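Single-structure report; data block below.
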Amino acid sequence: MEALHISNSLTRRKEKFQPLNPPFVGMYVCGPTVYSNVHLGNVRTFLTFDIVYRYLQLLNFKVRYVRNITDVGHLTGDTDDGEDKIGKKARLENLEPMEVVQQYTNDFHDVMDLFNILRPSIEPTATGHIVEQIESIKKILANGYAYEVNGSVYFNVRKFSEDHPYGELSGRKIDELMNNTRELDGQSEKRDPLDFALWKAANSSHLMQWPSPWGQGFPGWHLECSVMSTKYLGEKFDIHGGGMDLKFPHHECEIAQNIGATRCDCPVNYWMHGNMLTVNGRKMAKSEGNGFTPEELVTGNHKLLDKGYSPMTVRFFMLMGHYASTLDFSNEALQAAEKGLSKLEKAMETLSKLNPSAGEGTFDVESFENRCRAAMNDDFNTPILIATLFEGVKAINGAAAGLVALRAEDITSLQKTFQSFLREVLGIQSEKGSQEKQSNNSESEALLDLIVTMRTKAKANKDWATADKIRDVLSAYGITIQDSKDGSSWTRN
RNA sequence: GGUCCGAUGGCCGAGUGGCUAGGCUCAGCUCUGCAAAAGCUGCUACAGCGGUUCGAAUCCGCUUCGGACCUCCA
């Protein structure tokens, strides 16, 4: 595709991307609730929007990327007597709620760094925007779409739906929702089961609470995203993202609140939803007990893991599937990703050492670059991009084997394309570099060079026993010796 | 129960009316002292049954199976 197209959850169509205010793009993504460690499923969603962010930047858009931290403890259930998650954790671990928040925010950041997921432009917190949330509730009340009961304020969904469509994003019909709403205890304050809280009154034992015109309490879960996206991106902005599981009710409520507060007809132009990471066909979730932490993944210390996988292997694995499809986790798939990635990295190295050939080139690098771009333009299709990059790998290896001719400018151009698409867009870093920094120094390098030279001598003397012994011993230390016509070389695994 | 989505070769995964990705695995070959790497070749799939069409994995219908959401969830 010649221009970027995005699958819009709101219209259920693939649409040409047209920012409201080019070259500026506003993107809001629902971030984590920081009351526990993030698992791999969470990582997938943030990775999806990392790719969006990176690619928009490659297209020279000036992106303001806002991703929130939910640090208000929302209730564990939809009942008035439910305990809030952060408060619960704080009580159990005998910590201040904000200590819990800090701890898991730090963890979240560490995990994002581990997977090379870029920081957003603004990372606002719910607790930092209590004032704005209260102001927003006032507006919604003034517009007649909310009501107060005993110090709590609820959004009036039925009233709202009389004036505006409700349920467009998630494809719900308000009457169907009515029929399927389960009877829950403690909802007596709501006039209608579909209504949701904008502000909840808190009793004195509730740890996180703030004063408001309606008394002591805390904001409803959906409100912070409406308020913070409006504050930093405006009443109308380009892209809103999040996990598929947030579509309903969270995003539906967000839309209603935005419209309810600002009377803007359509707050977001493009809604994007990342699909779930599954394990044995089931959604990875804490409640299923099938989630891994990044640490378990890297060390392989989990009953579902055969071995550990590097962060870049995991990143690459996730990008081998399209963000809008479910992706099933398996050891086999991870291993395939590991090998594929290593092939790609090796080709990058080969490329840097390639001797240019004179005369005509036999690989169309311009078309290659265009196909990489076209893949991403088609709704960020990373699997197609990866498949295309492997065509480049084939050309590079072919050139090394003397079957493909690459001129000096072809090599430069290929390097540029790999740099742009593999490193900058897919965000795949070379893991070798970081390892070498830790375990390598000029001394060991000199020693290894010496050993390889000695082995070459042994080979020249047809002393295979010595040559093989050297290779075996080095192999045990994770160093691979490769022989070719031009001589021997060593690499760390 | 309601709403929606999916079912692709040994595995993972794109594609979505004709040209039938890619990675991994497996087998054979080339290269090599042997390996490794790389290259070449082979393995031709679209859940089932009907229908539309000159032509369908791709559109329509039904069936079977799986999943997500409907409650906090990325």
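We label chains A, B, ... in the order they appear in the structure tokens, count residues from 1 in each chain, and number ligands from 1 in the order shown.
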Residues of chain A were defined as contacting chain B if any atom lay at most 7 Å from it, counting only C-alpha atoms (C1' of nucleotides); please report them as a list in words. Gly41, Asn42, Thr45, Thr76, Gly77, Asp78, Arg172, Asn180, Gly242, Gly243, Asp245, Met320, Gly321, Glu332, Ala333, Ala336, Gly340, Pro383, Ile384, Ala387, Asn397 and Gln482 of chain A
Restricting it to N, CA and C atoms, dump the selection as a compact mmCIF listing (two decimals), in the first residue's frame.
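The new file selection-v3.txt reads:
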```txt
# COMPACT_ATOMS: atom_id res chain seq x y z
N GLY A 41 1.36 -11.16 28.33
CA GLY A 41 0.20 -10.70 27.57
C GLY A 41 0.12 -9.18 27.58
N ASN A 42 0.39 -8.59 28.73
CA ASN A 42 0.41 -7.13 28.81
C ASN A 42 1.48 -6.58 27.88
N THR A 45 0.53 -6.06 24.16
CA THR A 45 -0.23 -4.85 23.81
C THR A 45 0.68 -3.63 23.72
N THR A 76 -12.22 -4.41 43.15
CA THR A 76 -11.98 -5.75 42.61
C THR A 76 -13.23 -6.30 41.96
N GLY A 77 -14.39 -5.79 42.34
CA GLY A 77 -15.63 -6.25 41.72
C GLY A 77 -16.56 -5.08 41.53
N ASP A 78 -17.65 -5.33 40.89
CA ASP A 78 -18.57 -4.23 40.61
C ASP A 78 -19.57 -4.07 41.76
N ARG A 172 -22.49 -3.19 20.85
CA ARG A 172 -23.55 -3.59 21.80
C ARG A 172 -24.81 -2.79 21.53
N ASN A 180 -28.99 -8.93 29.42
CA ASN A 180 -27.91 -9.83 29.79
C ASN A 180 -27.13 -9.37 31.01
N GLY A 242 -5.46 0.10 22.83
CA GLY A 242 -5.55 -0.68 24.06
C GLY A 242 -5.78 -2.13 23.73
N GLY A 243 -5.82 -2.96 24.73
CA GLY A 243 -6.07 -4.38 24.51
C GLY A 243 -7.52 -4.61 24.15
N ASP A 245 -9.53 -6.60 25.28
CA ASP A 245 -10.42 -6.83 26.43
C ASP A 245 -10.88 -5.52 27.07
N MET A 320 6.05 -11.77 14.73
CA MET A 320 5.81 -12.71 13.63
C MET A 320 4.31 -12.95 13.44
N GLY A 321 3.51 -12.49 14.38
CA GLY A 321 2.06 -12.55 14.20
C GLY A 321 1.51 -11.13 14.09
N GLU A 332 7.77 -24.35 20.67
CA GLU A 332 8.21 -24.56 19.28
C GLU A 332 8.27 -23.23 18.54
N ALA A 333 7.22 -22.44 18.71
CA ALA A 333 7.17 -21.15 18.02
C ALA A 333 8.30 -20.24 18.49
N ALA A 336 11.50 -21.42 16.92
CA ALA A 336 11.55 -21.01 15.52
C ALA A 336 11.94 -19.54 15.41
N GLY A 340 15.21 -18.00 13.59
CA GLY A 340 14.97 -17.03 12.52
C GLY A 340 15.68 -15.73 12.80
N PRO A 383 4.33 -9.35 10.23
CA PRO A 383 4.72 -10.66 9.67
C PRO A 383 5.13 -10.55 8.21
N ILE A 384 4.44 -9.70 7.46
CA ILE A 384 4.82 -9.51 6.06
C ILE A 384 6.17 -8.79 5.98
N ALA A 387 8.79 -11.34 6.63
CA ALA A 387 8.95 -12.21 5.46
C ALA A 387 9.76 -11.50 4.38
N ASN A 397 22.97 -13.48 1.69
CA ASN A 397 23.69 -14.75 1.73
C ASN A 397 24.05 -15.22 0.33
N GLN A 482 34.00 -21.27 12.87
CA GLN A 482 33.49 -21.61 11.55
C GLN A 482 34.63 -21.54 10.54
```
May I have all residues of stretch 20-52 of chain A that DSSP, computed from the backbone, assigns to alpha helix (DSSP H), given as a ChimeraX atom specification? /A:40-52
Store the residues picked out above in a file with N, CA and C atoms, as a CSV table (one decimal), in the first residue's frame.
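result-v5.csv written:
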```
chain,number,residue,atom,x,y,z
A,40,LEU,N,3.4,-11.4,30.2
A,40,LEU,CA,3.7,-11.3,28.8
A,40,LEU,C,2.6,-10.8,27.9
A,41,GLY,N,1.4,-11.2,28.3
A,41,GLY,CA,0.2,-10.7,27.6
A,41,GLY,C,0.1,-9.2,27.6
A,42,ASN,N,0.4,-8.6,28.7
A,42,ASN,CA,0.4,-7.1,28.8
A,42,ASN,C,1.5,-6.6,27.9
A,43,VAL,N,2.6,-7.2,27.9
A,43,VAL,CA,3.7,-6.8,27.1
A,43,VAL,C,3.3,-6.7,25.6
A,44,ARG,N,2.6,-7.7,25.2
A,44,ARG,CA,2.2,-7.8,23.8
A,44,ARG,C,1.5,-6.5,23.3
A,45,THR,N,0.5,-6.1,24.2
A,45,THR,CA,-0.2,-4.9,23.8
A,45,THR,C,0.7,-3.6,23.7
A,46,PHE,N,1.6,-3.5,24.7
A,46,PHE,CA,2.4,-2.3,24.7
A,46,PHE,C,3.4,-2.4,23.5
A,47,LEU,N,3.8,-3.6,23.2
A,47,LEU,CA,4.6,-3.8,22.0
A,47,LEU,C,3.9,-3.4,20.7
A,48,THR,N,2.7,-3.8,20.6
A,48,THR,CA,1.9,-3.4,19.4
A,48,THR,C,1.9,-1.9,19.2
A,49,PHE,N,1.7,-1.1,20.3
A,49,PHE,CA,1.6,0.3,20.1
A,49,PHE,C,3.0,0.9,20.0
A,50,ASP,N,4.0,0.2,20.5
A,50,ASP,CA,5.4,0.6,20.3
A,50,ASP,C,5.7,0.6,18.8
A,51,ILE,N,5.2,-0.4,18.1
A,51,ILE,CA,5.4,-0.5,16.7
A,51,ILE,C,4.7,0.7,16.0
A,52,VAL,N,3.5,0.9,16.4
A,52,VAL,CA,2.7,2.0,15.8
A,52,VAL,C,3.5,3.3,16.0
```
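In terms of minimum interatomic distance to A:Glu123, A:Asn68 ranks closest within A:Ser444, A:Ser475, A:Ser484, A:Asn68, counting only C-alpha atoms.
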For B:G61, list every protein, DNA or RNA residue within 12 Å, evaluated using only C-alpha atoms (C1' of nucleotides), and leave out those in the same chain fewer than 2 positions away; present the list as a PyMOL selection string. chain B and resi 49-52+59+63
Would you save the residues from that selection as a CSV table (one decimal), in the first residue's frame, using all heavy atoms?
```csv
chain,number,residue,atom,x,y,z
B,49,C,P,-16.2,-32.2,2.6
B,49,C,OP1,-16.0,-33.5,1.9
B,49,C,OP2,-15.4,-31.0,2.1
B,49,C,O5',-17.7,-31.9,2.6
B,49,C,C5',-18.7,-32.8,3.0
B,49,C,C4',-20.1,-32.2,3.0
B,49,C,O4',-20.1,-31.1,4.0
B,49,C,C3',-20.5,-31.5,1.8
B,49,C,O3',-20.9,-32.4,0.8
B,49,C,C2',-21.6,-30.5,2.3
B,49,C,O2',-22.8,-31.2,2.5
B,49,C,C1',-21.0,-30.1,3.6
B,49,C,N1,-20.2,-28.8,3.5
B,49,C,C2,-21.0,-27.6,3.6
B,49,C,O2,-22.2,-27.7,3.8
B,49,C,N3,-20.3,-26.4,3.5
B,49,C,C4,-19.0,-26.4,3.3
B,49,C,N4,-18.4,-25.2,3.2
B,49,C,C5,-18.2,-27.6,3.2
B,49,C,C6,-18.9,-28.8,3.3
B,50,G,P,-20.9,-31.9,-0.8
B,50,G,OP1,-21.1,-33.1,-1.6
B,50,G,OP2,-19.8,-30.9,-1.0
B,50,G,O5',-22.3,-31.1,-0.8
B,50,G,C5',-22.6,-30.2,-1.7
B,50,G,C4',-23.7,-29.3,-1.3
B,50,G,O4',-23.4,-28.7,0.1
B,50,G,C3',-23.8,-28.0,-2.1
B,50,G,O3',-24.6,-28.4,-3.3
B,50,G,C2',-24.5,-27.0,-1.2
B,50,G,O2',-25.9,-27.3,-1.0
B,50,G,C1',-23.7,-27.4,0.1
B,50,G,N9,-22.4,-26.6,0.2
B,50,G,C8,-21.2,-27.1,0.1
B,50,G,N7,-20.3,-26.2,0.2
B,50,G,C5,-21.0,-25.0,0.3
B,50,G,C6,-20.5,-23.6,0.4
B,50,G,O6,-19.4,-23.2,0.4
B,50,G,N1,-21.6,-22.7,0.4
B,50,G,C2,-22.9,-23.1,0.4
B,50,G,N2,-23.8,-22.1,0.4
B,50,G,N3,-23.3,-24.3,0.3
B,50,G,C4,-22.3,-25.2,0.2
B,51,G,P,-24.0,-27.9,-4.7
B,51,G,OP1,-24.9,-28.5,-5.8
B,51,G,OP2,-22.5,-28.2,-4.7
B,51,G,O5',-24.2,-26.4,-4.7
B,51,G,C5',-25.5,-25.8,-4.6
B,51,G,C4',-25.5,-24.4,-4.2
B,51,G,O4',-24.7,-24.2,-3.1
B,51,G,C3',-24.8,-23.5,-5.3
B,51,G,O3',-25.7,-23.2,-6.3
B,51,G,C2',-24.6,-22.2,-4.4
B,51,G,O2',-25.7,-21.5,-4.2
B,51,G,C1',-24.1,-22.8,-3.1
B,51,G,N9,-22.7,-22.9,-3.0
B,51,G,C8,-21.9,-24.0,-3.0
B,51,G,N7,-20.6,-23.7,-2.9
B,51,G,C5,-20.6,-22.3,-2.7
B,51,G,C6,-19.5,-21.5,-2.6
B,51,G,O6,-18.3,-21.7,-2.5
B,51,G,N1,-19.9,-20.1,-2.5
B,51,G,C2,-21.2,-19.7,-2.6
B,51,G,N2,-21.4,-18.4,-2.5
B,51,G,N3,-22.2,-20.5,-2.7
B,51,G,C4,-21.8,-21.8,-2.8
B,52,U,P,-25.1,-22.9,-7.8
B,52,U,OP1,-26.2,-22.8,-8.7
B,52,U,OP2,-23.9,-23.8,-8.0
B,52,U,O5',-24.5,-21.4,-7.5
B,52,U,C5',-25.4,-20.3,-7.3
B,52,U,C4',-24.6,-19.0,-7.2
B,52,U,O4',-23.8,-19.1,-6.0
B,52,U,C3',-23.6,-18.8,-8.3
B,52,U,O3',-24.3,-18.2,-9.5
B,52,U,C2',-22.7,-17.8,-7.7
B,52,U,O2',-23.2,-16.5,-7.6
B,52,U,C1',-22.5,-18.4,-6.3
B,52,U,N1,-21.4,-19.3,-6.1
B,52,U,C2,-20.2,-18.8,-5.9
B,52,U,O2,-20.0,-17.6,-5.8
B,52,U,N3,-19.1,-19.7,-5.8
B,52,U,C4,-19.2,-21.1,-5.9
B,52,U,O4,-18.2,-21.8,-5.8
B,52,U,C5,-20.6,-21.6,-6.1
B,52,U,C6,-21.6,-20.7,-6.3
B,59,C,P,-14.1,-14.4,2.5
B,59,C,OP1,-13.9,-13.1,3.2
B,59,C,OP2,-14.4,-15.6,3.2
B,59,C,O5',-15.3,-14.2,1.4
B,59,C,C5',-15.6,-12.9,0.9
B,59,C,C4',-16.9,-13.0,0.2
B,59,C,O4',-16.7,-13.7,-1.1
B,59,C,C3',-18.0,-13.8,0.9
B,59,C,O3',-18.7,-13.0,1.8
B,59,C,C2',-18.9,-14.2,-0.3
B,59,C,O2',-19.8,-13.2,-0.7
B,59,C,C1',-17.9,-14.5,-1.3
B,59,C,N1,-17.5,-16.0,-1.4
B,59,C,C2,-18.4,-16.9,-1.8
B,59,C,O2,-19.5,-16.5,-2.2
B,59,C,N3,-18.0,-18.2,-1.9
B,59,C,C4,-16.8,-18.6,-1.5
B,59,C,N4,-16.5,-19.9,-1.6
B,59,C,C5,-15.9,-17.6,-1.0
B,59,C,C6,-16.2,-16.4,-1.0
B,63,U,P,-26.6,-24.5,11.7
B,63,U,OP1,-27.7,-24.8,12.7
B,63,U,OP2,-25.8,-23.2,11.9
B,63,U,O5',-25.6,-25.7,11.6
B,63,U,C5',-26.0,-27.0,11.5
B,63,U,C4',-24.9,-28.0,11.4
B,63,U,O4',-24.1,-27.6,10.2
B,63,U,C3',-23.9,-27.9,12.5
B,63,U,O3',-24.3,-28.7,13.6
B,63,U,C2',-22.6,-28.5,11.8
B,63,U,O2',-22.7,-29.9,11.7
B,63,U,C1',-22.7,-27.9,10.4
B,63,U,N1,-21.9,-26.7,10.3
B,63,U,C2,-20.5,-26.8,10.2
B,63,U,O2,-20.0,-27.9,10.1
B,63,U,N3,-19.8,-25.6,10.0
B,63,U,C4,-20.4,-24.3,10.1
B,63,U,O4,-19.6,-23.4,10.0
B,63,U,C5,-21.8,-24.3,10.2
B,63,U,C6,-22.5,-25.4,10.4
```
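Shell of A:Gly217 at 6 Å, with only C-alpha atoms (C1' of nucleotides) counted and residues fewer than 6 places along the chain excluded, is Lys200, Ala201, Ala202, Gln209 and Trp210 of chain A.
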List every residue of stretch 120-369 of chain A that DSSP, applied to the backbone of this structure, assigns to strand (DSSP E or B), and report them as a compact mmCIF listing (two decimals) with C-alpha atoms, in the first residue's frame.
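The result, written out as states-v5.txt:
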```txt
# COMPACT_ATOMS: atom_id res chain seq x y z
CA ILE A 122 3.70 11.71 28.41
CA THR A 125 -1.07 9.15 36.39
CA ALA A 146 -24.94 11.85 35.48
CA TYR A 147 -26.59 11.81 38.87
CA GLU A 148 -25.42 11.80 42.43
CA VAL A 149 -26.42 9.25 45.05
CA SER A 152 -21.22 8.81 44.53
CA VAL A 153 -21.81 9.99 40.98
CA TYR A 154 -22.95 7.65 38.23
CA PHE A 155 -23.09 8.06 34.49
CA PHE A 196 -21.12 3.19 35.75
CA ALA A 197 -19.34 5.14 38.43
CA LEU A 198 -17.69 8.47 37.78
CA TRP A 199 -17.01 9.02 41.45
CA LYS A 200 -17.30 6.59 44.31
CA ALA A 201 -17.83 7.62 47.91
CA TRP A 210 -9.75 12.57 47.98
CA GLY A 217 -14.10 9.42 47.52
CA PHE A 218 -12.17 8.33 44.48
CA PRO A 219 -12.70 8.53 40.72
CA PHE A 237 -7.51 13.20 18.57
CA ASP A 238 -6.16 10.65 16.13
CA ILE A 239 -5.48 7.24 17.62
CA HIS A 240 -6.66 5.48 20.75
CA GLY A 241 -5.28 2.05 21.52
CA GLY A 242 -5.55 -0.68 24.06
CA GLY A 243 -6.07 -4.38 24.51
CA VAL A 268 -11.26 9.53 18.51
CA ASN A 269 -10.81 8.96 14.79
CA TYR A 270 -9.00 5.63 14.85
CA TRP A 271 -9.54 3.03 17.54
CA MET A 272 -7.01 0.22 17.54
CA HIS A 273 -7.21 -2.96 19.58
CA GLY A 274 -4.41 -5.41 20.10
CA LEU A 277 -1.67 -13.63 23.73
CA THR A 278 -2.91 -17.15 24.35
CA VAL A 279 -1.45 -20.22 25.95
CA ARG A 282 -6.59 -19.60 26.15
CA LYS A 283 -6.05 -16.00 26.99
CA LEU A 327 -1.08 -15.23 19.06
CA ASP A 328 -0.56 -18.61 20.59
CA PHE A 329 2.44 -19.10 22.76
```
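Taking atom CA of A:Val473 and atom CA of A:Leu344 as endpoints, the distance between them is 26.8 Å.
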Please measure the separation of atom CA of A:Asp195 and atom CA of A:Lys88, giving the value in Å to one decimal. 25.1 Å
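Between atom CA of A:His164 and atom CA of A:Gly234 the separation is 20.1 Å.
Nearest to A:Asp175 of all the residues A:Asn116, A:Ser430, A:Thr362, A:Ser161 is A:Ser161, based on only C-alpha atoms.
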Close residues, B:U53 itself excluded, 12 Å, only C-alpha atoms (C1' of nucleotides), min 3 positions apart in chain, as a ChimeraX atom specification: /B:17-18,56,59-60
Which residues are near A:Phe317? Cut-off 8 Å, only C-alpha atoms (C1' of nucleotides), ignore same chain within fewer than 2 positions. Put them as a VMD selection string. chain A and resid 313 to 315 319 to 321 333 to 334 337 to 338
